[in-house]
Amino acid sequence: MASLSLILGGCQPSDSSQEPTAKDYFPILENVHYFYEGSGNEYASYDAYIDYTGENKIQWRTNNGGTEAVSVVEVADDKVSEVFFQGETYYRENFLDSTNKVDILIQGPIAVGTTWDLSEGLSREITNLAVDIETPSGDYQALEITTTSADYTTVDYYAKNVGLVKTVFTAGGDEISSTLATIEQNAALTQNIAFYFPNINDDLLYYKTMAVEFSTNDITGAILSGAYKSDVPANTGGVFSANTKINSLSMNENGMVYLDLSGEYLSEMNAGAGYESMMLQCVANTFGGYYNIDKVLLTIDGNLYESGHIALEDGEYLTVDTTGNVAL
């Protein structure tokens, strides 16, 4: 089954005197949460949030209860194309400059009969300009785009200045649909993240799961850094000092988390070798856990990690180890 085309939109005024263009049906918005209710399959319902936007691109995140995925769409007057897709992505990272596919969702001119070919023998066509679509979020007059293959048909309905309002997938006698149910403005993505803290008194690491909110275009490292400092549990020690900043945070193609901290992490640290080692394990567990990766390469202002007690060699990484860690 092909992935359902996804979102996006919000009501905006339009100029009906001009001929519609492809981008009229796919606006670039921020801080909007969409919920699509599904029928015919347990994963047909999904939530969609906007992670990042650029001048002509938008990255959204979808969660259907079974998995999360991110997708980047490039929006132009003559066509709207999905240029990046990655499944099983539970962390926030900016993929606006990444490309791993080209799937034209809407092709101009906006006229019945406009047809374009896709990969794997698929064909997509504008089949209607004004279909009346009723949804829980409102009633729309939608552009109808039909994708056909030898085995199935997918029909996507896009409302002008709103985005995708309904998708119907048909194969044999089965039908699966996703319909726009609600649009929430000024919405933030909430992720439950485990932060680890050391306790020198019993030599144990404790972790606390916090609900962290992200708005569109928030820098993930900055939000996580603030959360790490905000609520240090009683009887544990802080891991980040007041002025420690995350300079950069990402996952490389080699399957390793790259974390670069500001120099204050070392200059404001007041710890012996044992406690410092516990702090580094907390860093590994927190950021490796966020990416679901067991290797974290830590640097300080772009240089190798070196304190008075511990020095990491070039290429040496921290390893996630949650054995015996205690939940709070």
# chains A, B, ... in the order shown; residues from 1 in each chain; ligands from 1
$ residues_around --residues "range 113-122 of chain A" --least-positions-apart "6" --cutoff "10 Å" --atoms "only C-alpha atoms" --output "list in words"
Lys101, Val102, Asp103, Ile104, Leu105, Ile106, Gln107, Asn128, Ile145, Thr146, Thr147, Thr148, Ser149, Ala150, Tyr152 and Thr153 of chain A
$ select_by_dssp --residues "range 101-296 of chain A" --states "strand (DSSP E)" --output "VMD selection string"
chain A and resid 103 to 107 115 to 117 123 to 135 138 to 148 153 to 159 163 to 171 174 to 185 189 to 199 204 to 214 246 to 251 257 to 261 295 to 296
$ closest_residue --among "A:Thr170, A:Asn217, A:Ser178, A:Asn252" --to "Val296 in chain A" --atoms "only C-alpha atoms"
A:Asn252
$ residues_around --residues "Ile176 in chain A" --least-positions-apart "6" --cutoff "7 Å" --atoms "only C-alpha atoms" --output "mmCIF file with N, CA and C atoms, in the first residue's frame"
data_model
loop_
_atom_site.group_PDB
_atom_site.id
_atom_site.type_symbol
_atom_site.label_atom_id
_atom_site.label_comp_id
_atom_site.auth_asym_id
_atom_site.auth_seq_id
_atom_site.Cartn_x
_atom_site.Cartn_y
_atom_site.Cartn_z
ATOM 1 N N SER A 39 -11.018 5.321 8.697
ATOM 2 C CA SER A 39 -12.020 4.273 8.552
ATOM 3 C C SER A 39 -11.431 3.163 7.688
ATOM 4 N N GLY A 40 -11.677 1.922 8.092
ATOM 5 C CA GLY A 40 -11.249 0.785 7.285
ATOM 6 C C GLY A 40 -9.928 0.178 7.693
ATOM 7 N N ASN A 41 -9.178 0.854 8.596
ATOM 8 C CA ASN A 41 -7.890 0.344 9.048
ATOM 9 C C ASN A 41 -7.541 1.028 10.363
ATOM 10 N N ALA A 44 -5.474 4.226 9.988
ATOM 11 C CA ALA A 44 -5.926 5.268 9.058
ATOM 12 C C ALA A 44 -6.123 6.613 9.761
ATOM 13 N N VAL A 168 -8.876 8.663 0.102
ATOM 14 C CA VAL A 168 -9.591 7.391 0.000
ATOM 15 C C VAL A 168 -8.715 6.420 -0.785
ATOM 16 N N PHE A 169 -8.375 5.311 -0.161
ATOM 17 C CA PHE A 169 -7.561 4.269 -0.774
ATOM 18 C C PHE A 169 -8.451 3.061 -1.026
ATOM 19 N N THR A 170 -8.455 2.562 -2.263
ATOM 20 C CA THR A 170 -9.311 1.437 -2.638
ATOM 21 C C THR A 170 -8.464 0.348 -3.293
#
$ atom_distance --atom1 "CA of Asp174 in chain A" --atom2 "CA of Pro136 in chain A"
22.8 Å
$ select_by_dssp --residues "range 88-325 of chain A" --states "helix (DSSP H, G or I)" --output "ChimeraX atom specification"
/A:119-121,220-230,264-267,273-291
$ closest_residue --among "A:Thr53, A:Leu266, A:Gln185, A:Glu125" --to "Val112 in chain A" --atoms "only C-alpha atoms"
A:Glu125
$ closest_atom_pairs --of "range 195-251 of chain A" --to "range 290-293 of chain A" --cutoff "10 Å" --atoms "only C-alpha atoms" --output "tab-separated table"
residue	atom	partner	partner_atom	distance
A:Phe195	CA	A:Tyr290	CA	9.1
A:Leu224	CA	A:Tyr290	CA	9.9
A:Ser250	CA	A:Tyr291	CA	8.8
A:Met251	CA	A:Tyr291	CA	7.5
$ closest_residue --among "A:Ser248, A:Ser177, A:Asn63, A:Ser137" --to "Val162 in chain A" --atoms "only C-alpha atoms"
A:Ser137
$ decode --residues "range 130-171 of chain A" --atoms "C-alpha atoms" --output "short mmCIF file (atom, residue, chain, number, x, y, z; two decimals), in the first residue's frame"
data_model
loop_
_atom_site.label_atom_id
_atom_site.label_comp_id
_atom_site.auth_asym_id
_atom_site.auth_seq_id
_atom_site.Cartn_x
_atom_site.Cartn_y
_atom_site.Cartn_z
CA ALA A 130 -14.68 21.16 -7.36
CA VAL A 131 -15.85 18.13 -5.40
CA ASP A 132 -18.06 18.81 -2.38
CA ILE A 133 -16.41 17.15 0.64
CA GLU A 134 -18.06 17.05 4.05
CA THR A 135 -15.77 16.56 7.05
CA PRO A 136 -16.05 17.09 10.82
CA SER A 137 -13.75 20.10 10.38
CA GLY A 138 -16.02 21.74 7.83
CA ASP A 139 -17.38 21.44 4.30
CA TYR A 140 -15.02 22.04 1.40
CA GLN A 141 -15.03 22.31 -2.37
CA ALA A 142 -11.95 20.28 -3.18
CA LEU A 143 -9.52 19.54 -5.96
CA GLU A 144 -9.62 15.79 -6.71
CA ILE A 145 -6.37 14.02 -7.62
CA THR A 146 -6.46 10.32 -8.49
CA THR A 147 -3.48 7.98 -8.33
CA THR A 148 -3.85 4.67 -10.13
CA SER A 149 -1.89 1.45 -10.35
CA ALA A 150 -2.69 -2.06 -11.45
CA ASP A 151 -3.67 -3.01 -7.91
CA TYR A 152 -5.17 0.04 -6.20
CA THR A 153 -6.51 3.57 -6.50
CA THR A 154 -5.90 6.51 -4.18
CA VAL A 155 -7.98 9.68 -4.37
CA ASP A 156 -6.74 12.79 -2.54
CA TYR A 157 -8.93 15.82 -1.96
CA TYR A 158 -7.24 19.20 -1.45
CA ALA A 159 -9.18 22.31 -0.45
CA LYS A 160 -7.87 25.64 -1.63
CA ASN A 161 -5.92 27.46 1.12
CA VAL A 162 -6.59 24.55 3.49
CA GLY A 163 -4.68 21.52 2.23
CA LEU A 164 -5.49 17.84 2.26
CA VAL A 165 -8.98 17.23 3.65
CA LYS A 166 -9.57 13.61 2.70
CA THR A 167 -7.85 10.55 1.23
CA VAL A 168 -9.59 7.39 0.00
CA PHE A 169 -7.56 4.27 -0.77
CA THR A 170 -9.31 1.44 -2.64
CA ALA A 171 -7.94 -2.03 -3.37
#
